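Participant: Below you'll find coords26.txt; it's compact mmCIF, C-alpha atoms.
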```
# COMPACT_ATOMS: atom_id res chain seq x y z
CA MET A 157 1.03 31.94 64.80
CA LEU A 158 -1.13 34.32 62.82
CA VAL A 159 -0.55 32.24 59.66
CA PHE A 160 -1.48 29.08 61.56
CA ASN A 161 -4.71 30.59 62.88
CA THR A 162 -5.60 31.93 59.44
CA PHE A 163 -5.04 28.50 57.89
CA LYS A 164 -6.85 26.68 60.71
CA PHE A 165 -9.91 28.83 61.05
CA GLY A 166 -10.28 29.43 57.29
CA PHE A 167 -11.53 25.88 56.85
CA PRO A 168 -14.17 24.35 59.19
CA GLN A 169 -12.92 20.79 58.63
CA MET A 170 -9.36 21.74 59.52
CA ASN A 171 -10.50 23.69 62.61
CA ALA A 172 -12.37 20.62 63.87
CA LEU A 173 -9.34 18.41 63.36
CA CYS A 174 -7.01 20.85 65.11
CA SER A 175 -9.27 21.08 68.14
CA SER A 176 -8.81 17.37 68.81
CA PHE A 177 -5.16 17.99 69.76
CA PRO A 178 -3.81 19.92 72.80
CA PRO A 179 -3.18 23.61 72.02
CA SER A 180 0.56 23.20 72.70
CA THR A 181 0.94 20.70 69.84
CA GLN A 182 -1.40 22.20 67.25
CA PHE A 183 1.24 24.46 65.74
CA TYR A 184 3.66 21.58 65.18
CA MET A 185 0.96 19.59 63.39
CA LEU A 186 0.63 22.25 60.68
CA PRO A 187 2.87 20.47 58.11
CA PHE A 188 0.88 17.28 58.60
CA TYR A 189 -2.43 19.12 58.10
CA PHE A 190 -1.19 20.77 54.92
CA LEU A 191 0.07 17.51 53.39
CA LEU A 192 -3.22 15.86 54.22
CA TRP A 193 -5.10 18.62 52.39
CA CYS A 194 -2.91 18.23 49.31
CA SER A 195 -3.09 14.44 49.24
CA PRO A 196 -5.27 12.71 46.63
CA PHE A 197 -6.74 10.79 49.57
CA SER A 198 -7.78 13.93 51.45
CA PRO A 199 -11.01 13.40 53.45
CA PHE A 200 -12.03 17.02 52.92
CA PRO A 201 -14.45 17.66 50.07
CA SER A 202 -12.89 20.75 48.52
CA LEU A 203 -10.00 23.16 48.60
CA PRO A 204 -10.17 26.91 48.74
CA GLY A 205 -10.09 28.79 45.49
CA TRP A 206 -6.46 29.86 45.88
CA LEU A 207 -5.40 26.16 45.96
CA GLN A 208 -7.71 24.86 43.24
CA GLY A 209 -5.92 23.72 40.10
CA ARG A 210 -2.80 22.72 42.09
CA HIS A 211 -4.36 19.75 43.92
CA PRO A 212 -2.78 16.64 42.33
CA GLY A 213 -5.86 14.54 42.84
CA ARG A 214 -8.48 17.07 41.71
CA ALA A 215 -7.92 18.70 38.33
CA ALA A 216 -9.98 21.78 37.49
CA SER A 217 -12.42 21.56 34.59
CA CYS A 218 -10.86 21.90 31.12
CA PRO A 219 -11.54 20.99 27.47
CA PRO A 220 -11.61 17.22 26.79
CA GLY A 221 -8.21 15.70 26.02
CA LEU A 222 -6.19 18.70 27.14
CA GLY A 223 -5.79 17.87 30.84
CA ASP A 224 -5.61 20.60 33.46
CA MET A 225 -5.34 23.79 31.42
CA SER A 226 -5.44 25.95 34.56
CA ASP A 227 -2.05 24.53 35.51
CA PRO A 228 0.59 26.98 34.19
CA PHE A 229 3.01 24.05 33.81
CA HIS A 230 0.59 21.98 31.69
CA SER A 231 1.56 21.24 28.03
CA ALA A 232 -0.69 20.10 25.20
CA TYR A 233 -0.23 19.10 21.55
CA LEU A 234 -2.47 21.26 19.33
CA ARG A 235 -2.90 21.27 15.56
CA GLY A 236 -3.32 24.24 13.29
CA ASN A 237 -4.93 24.31 9.85
CA LEU A 238 -3.29 21.38 8.03
CA GLY A 239 -4.79 22.43 4.69
CA ALA A 240 -3.18 25.85 4.91
CA PHE A 241 0.13 24.26 5.88
CA ALA A 242 0.01 21.91 2.88
CA ALA A 243 -0.82 24.83 0.58
CA ASP A 244 2.17 26.80 1.87
CA MET A 245 4.46 23.80 1.49
CA ARG A 246 3.17 23.23 -2.05
CA ARG A 247 4.39 26.70 -2.99
CA MET A 248 7.95 25.53 -2.25
CA ILE A 249 7.79 22.69 -4.79
CA ASN A 250 10.17 23.33 -7.70
CA ALA A 251 10.73 26.91 -6.49
CA PRO A 252 14.27 28.11 -7.28
CA GLU A 253 14.19 30.67 -4.47
CA LEU A 254 15.97 29.33 -1.35
CA SER A 255 16.35 25.87 -2.92
CA ASP A 256 19.66 24.08 -2.33
CA VAL A 257 19.52 21.07 -4.65
CA LYS A 258 18.69 20.50 -8.32
CA PHE A 259 17.59 17.42 -10.24
CA ILE A 260 17.85 16.97 -14.02
CA VAL A 261 14.84 14.79 -14.75
CA GLY A 262 13.74 12.71 -17.74
CA GLU A 263 14.81 12.59 -21.35
CA GLU A 264 13.75 16.20 -21.74
CA ARG A 265 16.30 17.19 -19.05
CA LYS A 266 13.84 19.21 -17.00
CA VAL A 267 15.34 21.03 -14.00
CA VAL A 268 13.53 20.46 -10.70
CA TYR A 269 14.47 22.51 -7.63
CA ALA A 270 14.11 21.20 -4.09
CA HIS A 271 15.32 21.48 -0.50
CA ARG A 272 17.69 18.91 0.93
CA CYS A 273 16.45 19.03 4.50
CA ILE A 274 12.84 18.25 3.53
CA LEU A 275 13.73 15.41 1.16
CA ALA A 276 16.29 13.91 3.52
CA TYR A 277 14.09 13.90 6.62
CA ARG A 278 11.06 12.59 4.72
CA CYS A 279 12.84 9.89 2.70
CA GLU A 280 15.81 7.71 3.65
CA ALA A 281 16.67 7.14 -0.01
CA PHE A 282 17.26 10.87 -0.53
CA ARG A 283 19.20 11.10 2.72
CA ALA A 284 21.54 8.36 1.49
CA MET A 285 21.79 10.03 -1.92
CA PHE A 286 22.86 13.35 -0.40
CA ALA A 287 25.27 11.70 2.05
CA LYS A 288 26.95 9.78 -0.77
CA GLN A 289 27.36 12.94 -2.81
CA HIS A 290 28.82 14.80 0.16
CA LEU A 291 31.40 12.08 0.81
CA SER A 292 32.44 11.70 -2.82
CA CYS A 293 32.80 15.40 -3.65
CA ASP A 294 34.43 18.50 -2.25
CA ALA A 295 32.44 21.38 -0.82
CA LYS A 296 31.53 22.64 -4.28
CA GLY A 297 30.31 19.18 -5.20
CA ASP A 298 27.11 19.73 -3.23
CA ASP A 299 26.00 22.11 -5.99
CA VAL A 300 26.23 19.42 -8.67
CA PRO A 301 22.69 18.46 -9.83
CA PHE A 302 21.43 14.90 -9.66
CA ASP A 303 20.70 13.23 -12.99
CA LEU A 304 17.43 11.23 -13.00
CA SER A 305 17.03 10.42 -16.68
CA ASP A 306 14.96 7.25 -16.12
CA VAL A 307 11.91 8.95 -14.58
CA GLN A 308 9.32 11.29 -16.10
CA PRO A 309 9.30 14.84 -14.73
CA ASP A 310 5.58 14.63 -13.84
CA VAL A 311 6.20 11.43 -11.92
CA PHE A 312 9.15 12.86 -10.00
CA LEU A 313 7.21 16.03 -9.18
CA ALA A 314 4.37 13.90 -7.82
CA VAL A 315 6.84 12.19 -5.49
CA VAL A 316 8.22 15.57 -4.41
CA GLU A 317 4.70 16.87 -3.83
CA PHE A 318 4.01 13.96 -1.49
CA LEU A 319 7.24 14.55 0.43
CA TYR A 320 6.42 18.24 0.92
CA THR A 321 2.68 18.02 1.64
CA ASN A 322 1.86 14.36 2.41
CA CYS A 323 -0.66 14.62 -0.45
CA VAL A 324 -0.37 13.73 -4.12
CA MET A 325 -2.25 14.50 -7.33
CA LEU A 326 -2.56 11.33 -9.42
CA SER A 327 -3.94 10.56 -12.86
CA SER A 328 -4.30 7.33 -14.80
CA ARG A 329 -1.37 8.46 -16.97
CA ILE A 330 1.20 8.53 -14.16
CA ALA A 331 -0.26 6.47 -11.28
CA LEU A 332 1.61 3.23 -12.10
CA ASP A 333 4.88 5.09 -12.60
CA VAL A 334 4.43 6.95 -9.31
CA LEU A 335 3.86 3.57 -7.64
CA THR A 336 7.13 2.36 -9.15
CA SER A 337 8.96 5.40 -7.76
CA ALA A 338 7.29 4.98 -4.37
CA VAL A 339 8.62 1.43 -4.21
CA GLU A 340 12.11 2.53 -5.28
CA TYR A 341 12.21 5.32 -2.68
CA GLY A 342 10.68 3.18 0.09
CA LEU A 343 7.65 5.43 0.57
CA ASP A 344 5.04 3.06 2.00
CA GLU A 345 2.32 5.68 2.46
CA LEU A 346 2.67 6.88 -1.12
CA GLN A 347 2.47 3.26 -2.27
CA ARG A 348 -0.82 2.90 -0.39
CA LEU A 349 -2.25 6.05 -2.00
CA CYS A 350 -1.23 4.85 -5.47
CA VAL A 351 -2.75 1.41 -4.92
CA ASP A 352 -6.02 2.92 -3.69
CA TYR A 353 -6.20 5.15 -6.77
CA ILE A 354 -5.33 2.37 -9.23
CA ASN A 355 -7.84 -0.02 -7.68
CA SER A 356 -10.61 2.55 -8.03
CA THR A 357 -9.84 3.48 -11.67
CA LEU A 358 -9.27 0.13 -13.40
CA THR A 359 -10.28 -0.12 -17.06
CA VAL A 360 -10.09 -2.82 -19.73
CA GLU A 361 -6.97 -1.16 -21.13
CA SER A 362 -5.18 -0.67 -17.81
CA ALA A 363 -6.08 -3.85 -15.92
CA CYS A 364 -3.23 -6.06 -17.17
CA GLU A 365 -0.62 -3.36 -16.71
CA ALA A 366 -1.88 -2.83 -13.18
CA LEU A 367 -1.82 -6.58 -12.51
CA GLN A 368 1.76 -6.72 -13.77
CA ALA A 369 2.76 -3.97 -11.33
CA ALA A 370 0.94 -5.70 -8.48
CA VAL A 371 2.75 -8.98 -9.13
CA THR A 372 6.12 -7.26 -9.53
CA TYR A 373 5.82 -5.20 -6.35
CA ARG A 374 3.96 -7.88 -4.35
CA GLN A 375 0.89 -5.73 -3.76
CA THR A 376 -1.54 -8.47 -2.74
CA ASP A 377 -4.66 -6.32 -2.40
CA MET A 378 -4.04 -4.65 -5.74
CA LYS A 379 -3.44 -8.04 -7.39
CA ASP A 380 -6.75 -9.36 -6.07
CA LYS A 381 -8.64 -6.28 -7.29
CA CYS A 382 -7.05 -6.48 -10.74
CA LEU A 383 -7.76 -10.19 -11.04
CA ALA A 384 -11.40 -9.70 -10.06
CA PHE A 385 -11.73 -7.02 -12.76
CA ILE A 386 -10.06 -9.26 -15.36
CA GLU A 387 -12.35 -12.15 -14.42
CA GLY A 388 -15.37 -9.99 -15.15
CA HIS A 389 -14.06 -8.62 -18.47
CA THR A 390 -11.92 -11.48 -19.77
CA LYS A 391 -13.15 -11.50 -23.38
CA SER A 392 -12.20 -7.86 -23.86
CA ILE A 393 -8.99 -7.86 -21.83
CA VAL A 394 -7.31 -10.75 -23.71
CA LYS A 395 -7.37 -8.55 -26.82
CA THR A 396 -5.44 -5.68 -25.24
CA ARG A 397 -1.79 -4.78 -25.62
CA GLY A 398 -1.41 -5.09 -21.86
CA PHE A 399 -2.35 -8.77 -22.02
CA HIS A 400 0.31 -9.44 -24.66
CA GLU A 401 2.94 -7.70 -22.48
CA LEU A 402 2.29 -9.74 -19.33
CA SER A 403 5.16 -11.63 -17.75
CA ASP A 404 4.92 -15.37 -17.12
CA PRO A 405 4.06 -14.95 -13.38
CA ALA A 406 1.36 -12.37 -14.13
CA LEU A 407 -0.22 -14.49 -16.87
CA LEU A 408 -0.13 -17.54 -14.60
CA THR A 409 -2.06 -15.55 -12.01
CA ILE A 410 -4.85 -15.14 -14.57
CA LEU A 411 -4.78 -18.71 -15.90
CA GLN A 412 -5.08 -20.21 -12.42
CA SER A 413 -8.48 -18.57 -11.92
CA ASP A 414 -11.74 -20.53 -12.15
CA LEU A 415 -13.73 -17.32 -12.70
CA LEU A 416 -12.52 -16.22 -16.14
CA THR A 417 -15.51 -15.34 -18.31
CA ILE A 418 -14.19 -16.87 -21.53
CA ASP A 419 -14.36 -20.32 -23.10
CA GLU A 420 -11.21 -22.43 -22.89
CA ALA A 421 -10.80 -22.84 -26.68
CA ASP A 422 -10.77 -19.06 -27.11
CA LEU A 423 -8.45 -18.59 -24.13
CA ILE A 424 -5.93 -21.06 -25.59
CA ASN A 425 -5.84 -19.09 -28.85
CA PHE A 426 -5.18 -15.79 -27.04
CA VAL A 427 -2.44 -17.33 -24.90
CA ARG A 428 -0.86 -18.66 -28.12
CA GLU A 429 -0.90 -15.09 -29.49
CA TRP A 430 0.77 -13.92 -26.25
CA ALA A 431 3.53 -16.50 -26.77
CA HIS A 432 4.15 -15.40 -30.36
CA VAL A 433 4.37 -11.72 -29.42
CA ASN A 434 6.84 -12.42 -26.62
CA SER A 435 8.82 -14.77 -28.86
CA VAL A 436 9.51 -11.83 -31.17
CA VAL A 437 10.20 -9.34 -28.37
CA LEU A 438 12.50 -11.65 -26.40
CA ASP A 439 13.96 -13.45 -29.43
CA LYS A 440 13.16 -16.89 -28.02
CA PRO A 441 11.33 -19.89 -29.53
CA VAL A 442 7.59 -20.11 -28.91
CA PRO A 443 7.84 -23.42 -26.97
CA GLU A 444 10.36 -21.87 -24.59
CA ILE A 445 8.13 -18.84 -24.02
CA GLY A 446 5.09 -20.99 -23.30
CA LYS A 447 6.62 -23.87 -21.36
CA GLU A 448 5.29 -22.65 -17.98
CA VAL A 449 1.90 -21.22 -18.90
CA VAL A 450 0.72 -24.21 -20.97
CA HIS A 451 0.50 -26.21 -17.73
CA GLU A 452 -2.47 -24.02 -16.72
CA LEU A 453 -4.41 -24.47 -19.96
CA ARG A 454 -7.36 -26.80 -19.35
CA LEU A 455 -7.10 -28.90 -22.48
CA PHE A 456 -9.37 -31.58 -21.01
CA LEU A 457 -12.34 -29.22 -21.46
CA LEU A 458 -12.01 -29.44 -25.28
CA THR A 459 -13.99 -31.92 -27.38
CA PRO A 460 -12.15 -34.45 -29.60
CA GLU A 461 -13.02 -32.29 -32.63
CA GLU A 462 -11.54 -29.18 -30.98
CA LEU A 463 -8.50 -31.18 -29.91
CA THR A 464 -7.93 -32.29 -33.52
CA ILE A 465 -7.92 -28.66 -34.68
CA LEU A 466 -5.60 -27.70 -31.82
CA GLU A 467 -3.17 -30.50 -32.69
CA ALA A 468 -3.00 -29.39 -36.33
CA GLU A 469 -2.36 -25.79 -35.30
CA ASN A 470 0.24 -26.90 -32.79
CA LYS A 471 2.34 -28.56 -35.49
CA LYS A 472 3.19 -25.08 -36.81
CA ASP A 473 4.80 -23.76 -33.61
CA ASN A 474 4.98 -26.61 -31.04
CA PHE A 475 3.44 -24.26 -28.51
CA ILE A 476 2.04 -27.19 -26.51
CA ALA A 477 4.17 -30.26 -25.87
CA MET A 478 2.91 -33.33 -27.71
CA ASP A 479 2.84 -35.45 -24.54
CA LYS A 480 0.28 -33.07 -23.04
CA ILE A 481 -1.97 -33.43 -26.06
CA ALA A 482 -1.51 -37.22 -25.93
CA GLU A 483 -2.65 -37.18 -22.30
CA VAL A 484 -5.90 -35.49 -23.34
CA TRP A 485 -6.50 -38.08 -26.08
CA LYS A 486 -6.04 -40.79 -23.48
CA PHE A 487 -8.67 -39.15 -21.27
CA HIS A 488 -11.18 -39.12 -24.14
CA ALA A 489 -10.47 -42.77 -24.92
CA LEU A 490 -10.78 -44.08 -21.36
CA LYS A 491 -13.29 -41.55 -20.02
CA LYS A 492 -11.33 -41.59 -16.76
CA SER A 493 -9.74 -38.62 -15.00
CA SER A 494 -7.50 -40.49 -12.57
CA GLY A 495 -3.96 -39.13 -12.35
CA ILE A 496 -4.92 -35.75 -13.82
CA ALA A 497 -4.36 -32.57 -11.80
CA VAL A 498 -7.72 -31.68 -10.29
CA HIS A 499 -7.76 -28.02 -11.33
CA LEU A 500 -7.30 -28.95 -15.01
CA LEU A 501 -10.66 -30.75 -14.91
CA ARG A 502 -12.60 -27.77 -13.57
CA ARG A 503 -14.80 -25.72 -15.85
CA ARG A 504 -14.22 -22.00 -15.66
CA LYS A 505 -17.08 -19.57 -15.25
CA GLY A 506 -17.12 -18.84 -18.98
CA THR A 507 -16.62 -22.42 -20.21
CA ARG A 508 -19.27 -23.59 -22.66
CA PRO A 509 -20.76 -26.98 -21.71
CA ARG A 510 -19.67 -30.03 -23.73
CA ASP A 511 -21.09 -33.55 -23.67
CA HIS A 512 -17.91 -35.12 -22.33
CA HIS A 513 -17.88 -32.79 -19.31
CA LYS A 514 -20.09 -35.34 -17.55
CA TYR A 515 -16.94 -37.39 -17.06
CA LEU A 516 -15.24 -34.54 -15.27
CA SER A 517 -15.44 -34.78 -11.50
CA LEU A 518 -15.38 -31.08 -10.73
CA TYR A 519 -17.29 -28.14 -12.13
CA HIS A 520 -17.20 -24.45 -11.57
CA LYS A 521 -19.93 -23.49 -9.10
```
Represent the structure of the file as structure tokens.
Facilitator:
Amino acid sequence: MLVFNTFKFGFPQMNALCSSFPPSTQFYMLPFYFLLWCSPFSPFPSLPGWLQGRHPGRAASCPPGLGDMSDPFHSAYLRGNLGAFAADMRRMINAPELSDVKFIVGEERKVVYAHRCILAYRCEAFRAMFAKQHLSCDAKGDDVPFDLSDVQPDVFLAVVEFLYTNCVMLSSRIALDVLTSAVEYGLDELQRLCVDYINSTLTVESACEALQAAVTYRQTDMKDKCLAFIEGHTKSIVKTRGFHELSDPALLTILQSDLLTIDEADLINFVREWAHVNSVVLDKPVPEIGKEVVHELRLFLLTPEELTILEAENKKDNFIAMDKIAEVWKFHALKKSSGIAVHLLRRRKGTRPRDHHKYLSLYHK
């Protein structure tokens, strides 16, 4: 009864409510009163200090995002210094101490030390690699190093650095190779970092190699950035080694653009050079090398005089099929463009004007 009176008279609102019932029933109403106080729908404006912080409908003040910190059962996710963590993890890279796996990397056979648990939980490709080794070898087989002769040590260490720290140090020398490894290991975030770096550091010398990687690995954003750079520097880029090493799909990506800043006659000559280089490398005839890309050459932009020179040159290597040249002669004779693919009649951004272009229905704008 003493507890009841203490509870009742300690709070004016409760005392008023209790008084509305006969004295003989007030004691038995105590559980109801208490539940009403603790309810989120309680009509009473506040709780005493010894109940504050436990009321489910009224949390005590606390830092934003952390909930009711006065509740001893409350939990919160807090972050420490991520930079310090990354620095500590970086110290473990290629550290023999406490390592449990070795890789023999590159032609120079460089030994790289690592930790299975980190690589396996960060990369499914490494997890599968370790599992396969464990199943195919006895207990001592786990100590056998992995041979990675087809990757440069600096490239592999960059991948390891990302797996340990979620950061990576890139340079123009290794960025494309790191991207290749990121694709092979299924590391999407590392791919994104490589693409961002490559897009921001394009040069005349690197643009075609970057475009080739973008086409190969289906990196659409990177392909668009590379193409835009090539469009603005076409005259210089067609002279590079990277241009001569382009695959058919990558070169077609360039030739389909209306924004190339080069005249068509010059472009045809550089594409012919590309075909000759690849004919030697792949040991295939020039016509076979060029059979796809010649369809994107805009021969209709050439004057009859230029076409005569092209036809004489073409007799040496048959780079362009004779029926395509005959189709251009027909256009010049009839001055009609009907039946010709529309894009082959469009001037590119760098196309020099010719008198016969007035018969073309579409121009670059």
Participant: Find the distance between CA of Ile274 (chain A) and CA of Met325 (chain A) and write it in Å to one decimal.
Facilitator: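 Rounded to one decimal, the two atoms are 19.0 Å apart.
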Participant: For CA of His512 (chain A) and CA of Asp422 (chain A), quote the distance in Å rounded to one decimal.
Facilitator: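 Computing the Euclidean distance for CA of His512 (chain A) and CA of Asp422 (chain A) yields 18.2 Å.
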Participant: Please list as a VMD selection string every residue within 10 Å of region 370-382 of chain A, counting only C-alpha atoms and excluding residues in the same chain fewer than 6 positions away.
Facilitator: chain A and resid 332 335 to 336 339 347 to 348 350 to 352 354 to 356 358 to 359 362 to 364 403 405 to 407 409 to 410
Participant: Which value, in Å to one decimal, gives the distance between CA of Asp473 (chain A) and CA of Ser435 (chain A)?
Facilitator: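 Taking CA of Asp473 (chain A) and CA of Ser435 (chain A), their separation equals 10.9 Å.
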Participant: Just the residues within 9 Å of Thr321 (chain A), please, counting all atoms listed in the file, with nothing from its chain fewer than 4 positions along; format it as a ChimeraX atom specification.
Facilitator: /A:241-246,316-317
Participant: Please produce a file of the residues just selected, as a PDB file, keeping the file's coordinate frame, where the atoms kept are C-alpha atoms.
Facilitator:
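Final file, again-v4.pdb:
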```pdb
ATOM      1  CA  PHE A 241       0.130  24.260   5.880  1.00  0.00           C
ATOM      2  CA  ALA A 242       0.010  21.910   2.880  1.00  0.00           C
ATOM      3  CA  ALA A 243      -0.820  24.830   0.580  1.00  0.00           C
ATOM      4  CA  ASP A 244       2.170  26.800   1.870  1.00  0.00           C
ATOM      5  CA  MET A 245       4.460  23.800   1.490  1.00  0.00           C
ATOM      6  CA  ARG A 246       3.170  23.230  -2.050  1.00  0.00           C
ATOM      7  CA  VAL A 316       8.220  15.570  -4.410  1.00  0.00           C
ATOM      8  CA  GLU A 317       4.700  16.870  -3.830  1.00  0.00           C
TER       9      GLU A 317
END
```
Participant: Compile the contact shell of Pro443 (chain A) as a list in words: residues with an atom at most 9 Å away, counting all atoms listed in the file, same-chain residues fewer than 3 positions apart removed.
Facilitator: Ala431, Ser435, Lys440, Gly446, Lys447, Asp473, Asn474, Phe475, Ile476 and Ala477 of chain A
Participant: Quick one: of A:Tyr353, A:Ser494, A:Leu402, A:Asp333, who's nearest to Leu367 (chain A), counting all atoms listed in the file?
Facilitator: A:Leu402
